[in-house]
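Following: one structure in structure tokens, then a few remarks.
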Amino acid sequence: MTDARTPEDDRDGIDPDSTDPSGTDPDGIVDDLDDEADDEFDDDLDEVGPAAAPKRRRTLWWPAAVAAAVALCLGVPALVAGGSSASGSSVSAPANDSPEAGFARDMATHHQQAIDMSFIIRDRTTNAEVRGLAFDIINTQANQRGMLMGWLSQWGLSQSSAAPPMAWMKMTPYQAHDGSLMPGMATNTQLAQLQQLSGTAAEIFYLQLMIQHHIGGAAMAQGYVDVAKNPVEKSLAQSMVAAQTSEIQLMTTMLAERGAKPLPTPGS
């Protein structure tokens, strides 16, 4: 396969051949997800050409992603059942109904839909900036999802629960409908509509759906930050809030450039 490395990759220190540049996935938890994203995008980037998305896109999410990777690398012992934190104090595995377990499960589900939507737009537009944003979301959220699933495994907990989504937040239960399981998630009808659009129309609808998705995801991450007892998982959640808030601003600008606005916030 042709090497799809771009001058932007060199500037940002990204190695497209590495599935775990942070060294935080020794068991290969997210290798398969990364390989899928890389394999499907390598040829496409060749088609789009070297004029990849503007530098402004990468500068928004990359610092937060690096911060999350560093926090994970420094704090891995705190995540292992029966292990010790970096300070040397004993740390036990979270309970099955704890915010730690609930957030890991729910955010993994929330992230999966963002990944799915980003693969859809990859096939519905040739715009380099939108496809670049989708590639960033796929890689970032696939890696974060792998971390969350890996922690549940380390804690000896199942990756699913009979509890309603976000029950750990002690909030009014979200009324799941048409495949939308949590705030911000798109419905099956909306996903089917996105699959039928192409070009600028697809770009606009993707950006609108992803803004709502990020608003819901950032709110969930902040909800965990507010009650967190695990410092490493809290650091990852804080990085999600920072990165997704920045991407919301970017996507709002991208919509304006296309003569469009974000969808109304549900309940507003």
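Lettering and numbering for the structure tokens are positional, with chains as A, B, ... in the shown order, residues counted from 1 in each chain, and ligands counted from 1 in the shown order.
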
Per residue of region 88-163 of chain A within 12 Å of region 204-226 of chain A, which atom pair is closest and at what distance in Å (one decimal), using only C-alpha atoms, listed by chain and increasing number, as JSON lines?
{"residue": "A:Ser98", "atom": "CA", "partner": "A:Tyr224", "partner_atom": "CA", "distance": 10.5}
{"residue": "A:Pro99", "atom": "CA", "partner": "A:Tyr224", "partner_atom": "CA", "distance": 6.7}
{"residue": "A:Glu100", "atom": "CA", "partner": "A:Tyr224", "partner_atom": "CA", "distance": 7.7}
{"residue": "A:Ala101", "atom": "CA", "partner": "A:Tyr224", "partner_atom": "CA", "distance": 10.4}
{"residue": "A:Gly102", "atom": "CA", "partner": "A:Tyr224", "partner_atom": "CA", "distance": 9.1}
{"residue": "A:Phe103", "atom": "CA", "partner": "A:Tyr224", "partner_atom": "CA", "distance": 6.6}
{"residue": "A:Ala104", "atom": "CA", "partner": "A:Tyr224", "partner_atom": "CA", "distance": 9.7}
{"residue": "A:Arg105", "atom": "CA", "partner": "A:Met220", "partner_atom": "CA", "distance": 11.7}
{"residue": "A:Asp106", "atom": "CA", "partner": "A:Met220", "partner_atom": "CA", "distance": 8.8}
{"residue": "A:Met107", "atom": "CA", "partner": "A:Gly217", "partner_atom": "CA", "distance": 7.3}
{"residue": "A:Ala108", "atom": "CA", "partner": "A:Gly217", "partner_atom": "CA", "distance": 10.4}
{"residue": "A:Thr109", "atom": "CA", "partner": "A:Gly217", "partner_atom": "CA", "distance": 10.5}
{"residue": "A:His110", "atom": "CA", "partner": "A:Gly217", "partner_atom": "CA", "distance": 7.0}
{"residue": "A:His111", "atom": "CA", "partner": "A:Gly217", "partner_atom": "CA", "distance": 8.1}
{"residue": "A:Gln112", "atom": "CA", "partner": "A:His213", "partner_atom": "CA", "distance": 11.1}
{"residue": "A:Gln113", "atom": "CA", "partner": "A:His213", "partner_atom": "CA", "distance": 8.8}
{"residue": "A:Ala114", "atom": "CA", "partner": "A:Met210", "partner_atom": "CA", "distance": 7.2}
{"residue": "A:Ile115", "atom": "CA", "partner": "A:Met210", "partner_atom": "CA", "distance": 10.3}
{"residue": "A:Asp116", "atom": "CA", "partner": "A:Met210", "partner_atom": "CA", "distance": 11.1}
{"residue": "A:Met117", "atom": "CA", "partner": "A:Tyr206", "partner_atom": "CA", "distance": 7.4}
{"residue": "A:Ser118", "atom": "CA", "partner": "A:Tyr206", "partner_atom": "CA", "distance": 8.0}
{"residue": "A:Phe119", "atom": "CA", "partner": "A:Tyr206", "partner_atom": "CA", "distance": 10.7}
{"residue": "A:Ile120", "atom": "CA", "partner": "A:Tyr206", "partner_atom": "CA", "distance": 8.8}
{"residue": "A:Ile121", "atom": "CA", "partner": "A:Tyr206", "partner_atom": "CA", "distance": 6.8}
{"residue": "A:Arg122", "atom": "CA", "partner": "A:Tyr206", "partner_atom": "CA", "distance": 10.3}
{"residue": "A:Asp123", "atom": "CA", "partner": "A:Tyr206", "partner_atom": "CA", "distance": 11.8}
{"residue": "A:Arg124", "atom": "CA", "partner": "A:Tyr206", "partner_atom": "CA", "distance": 9.9}
{"residue": "A:Thr125", "atom": "CA", "partner": "A:Tyr206", "partner_atom": "CA", "distance": 10.4}
{"residue": "A:Asn127", "atom": "CA", "partner": "A:Ile204", "partner_atom": "CA", "distance": 11.6}
{"residue": "A:Glu129", "atom": "CA", "partner": "A:Leu207", "partner_atom": "CA", "distance": 11.6}
{"residue": "A:Val130", "atom": "CA", "partner": "A:Leu207", "partner_atom": "CA", "distance": 8.5}
{"residue": "A:Arg131", "atom": "CA", "partner": "A:Tyr206", "partner_atom": "CA", "distance": 10.7}
{"residue": "A:Leu133", "atom": "CA", "partner": "A:Leu207", "partner_atom": "CA", "distance": 9.8}
{"residue": "A:Ala134", "atom": "CA", "partner": "A:Tyr206", "partner_atom": "CA", "distance": 9.5}
{"residue": "A:Ile137", "atom": "CA", "partner": "A:Met210", "partner_atom": "CA", "distance": 9.9}
{"residue": "A:Gln141", "atom": "CA", "partner": "A:Gly217", "partner_atom": "CA", "distance": 11.1}

Original post:
Within 8 Å of Leu181 (chain A), counting only C-alpha atoms, which residues qualify if same-chain residues fewer than 6 places away don't, as a ChimeraX atom specification?
Top reply: /A:165,174-175

How about saving the chosen residues, all heavy atoms kept, as an mmCIF file, in the first residue's frame?
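File part15.cif, as written:
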data_model
loop_
_atom_site.group_PDB
_atom_site.id
_atom_site.type_symbol
_atom_site.label_atom_id
_atom_site.label_comp_id
_atom_site.auth_asym_id
_atom_site.auth_seq_id
_atom_site.Cartn_x
_atom_site.Cartn_y
_atom_site.Cartn_z
ATOM 1 N N PRO A 165 -28.912 3.165 30.494
ATOM 2 C CA PRO A 165 -27.760 4.027 30.202
ATOM 3 C C PRO A 165 -27.749 5.264 31.078
ATOM 4 O O PRO A 165 -28.788 5.883 31.321
ATOM 5 C CB PRO A 165 -27.968 4.396 28.721
ATOM 6 C CG PRO A 165 -28.744 3.248 28.164
ATOM 7 C CD PRO A 165 -29.675 2.842 29.266
ATOM 8 N N TYR A 174 -33.075 9.125 30.343
ATOM 9 C CA TYR A 174 -33.238 9.541 28.946
ATOM 10 C C TYR A 174 -34.203 8.580 28.269
ATOM 11 O O TYR A 174 -34.102 7.358 28.422
ATOM 12 C CB TYR A 174 -31.885 9.516 28.238
ATOM 13 C CG TYR A 174 -31.932 9.866 26.771
ATOM 14 C CD1 TYR A 174 -32.157 11.183 26.358
ATOM 15 C CD2 TYR A 174 -31.742 8.896 25.790
ATOM 16 C CE1 TYR A 174 -32.193 11.519 25.006
ATOM 17 C CE2 TYR A 174 -31.766 9.225 24.440
ATOM 18 C CZ TYR A 174 -31.997 10.539 24.057
ATOM 19 O OH TYR A 174 -32.022 10.870 22.720
ATOM 20 N N GLN A 175 -35.136 9.119 27.532
ATOM 21 C CA GLN A 175 -36.102 8.292 26.818
ATOM 22 C C GLN A 175 -35.496 7.811 25.499
ATOM 23 O O GLN A 175 -35.511 8.529 24.501
ATOM 24 C CB GLN A 175 -37.385 9.089 26.572
ATOM 25 C CG GLN A 175 -38.107 9.516 27.840
ATOM 26 C CD GLN A 175 -38.531 8.322 28.690
ATOM 27 O OE1 GLN A 175 -39.077 7.350 28.173
ATOM 28 N NE2 GLN A 175 -38.267 8.392 29.988
#

**OP:** Identify all residues of region 77-236 of chain A in alpha helix (DSSP H) (DSSP on the backbone) and supply them as JSON, numbers by chain.
**Re:** {"A": [99, 100, 101, 102, 103, 104, 105, 106, 107, 108, 109, 110, 111, 112, 113, 114, 115, 116, 117, 118, 119, 120, 121, 122, 128, 129, 130, 131, 132, 133, 134, 135, 136, 137, 138, 139, 140, 141, 142, 143, 144, 145, 146, 147, 148, 149, 150, 151, 152, 153, 154, 188, 189, 190, 191, 192, 193, 194, 195, 196, 199, 200, 201, 202, 203, 204, 205, 206, 207, 208, 209, 210, 211, 212, 213, 214, 215, 216, 217, 218, 219, 220, 221, 222, 223, 224, 225, 226, 227, 231, 232, 233, 234, 235, 236]}

Original post:
If we count only C-alpha atoms, what is near Gly179 (chain A) at a cut-off of 12 Å, once residues fewer than 2 positions away on the same chain are taken out, given as a count of residues only?
Top reply: 18

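The shortest atom-to-atom distance to Trp168 (chain A), with only C-alpha atoms taken into account, belongs to A:Asp97 out of A:Glu233, A:Asp136, A:Asp97, A:Glu203.
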
Subject >> Atomic separation - CA of Ala237 (chain A) relative to CA of Ser158 (chain A), Å >> reply: 20.3 Å

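Atom pair CA of Lys170 (chain A) / CA of Ala228 (chain A) has a distance of 13.6 Å (rounded to one decimal).
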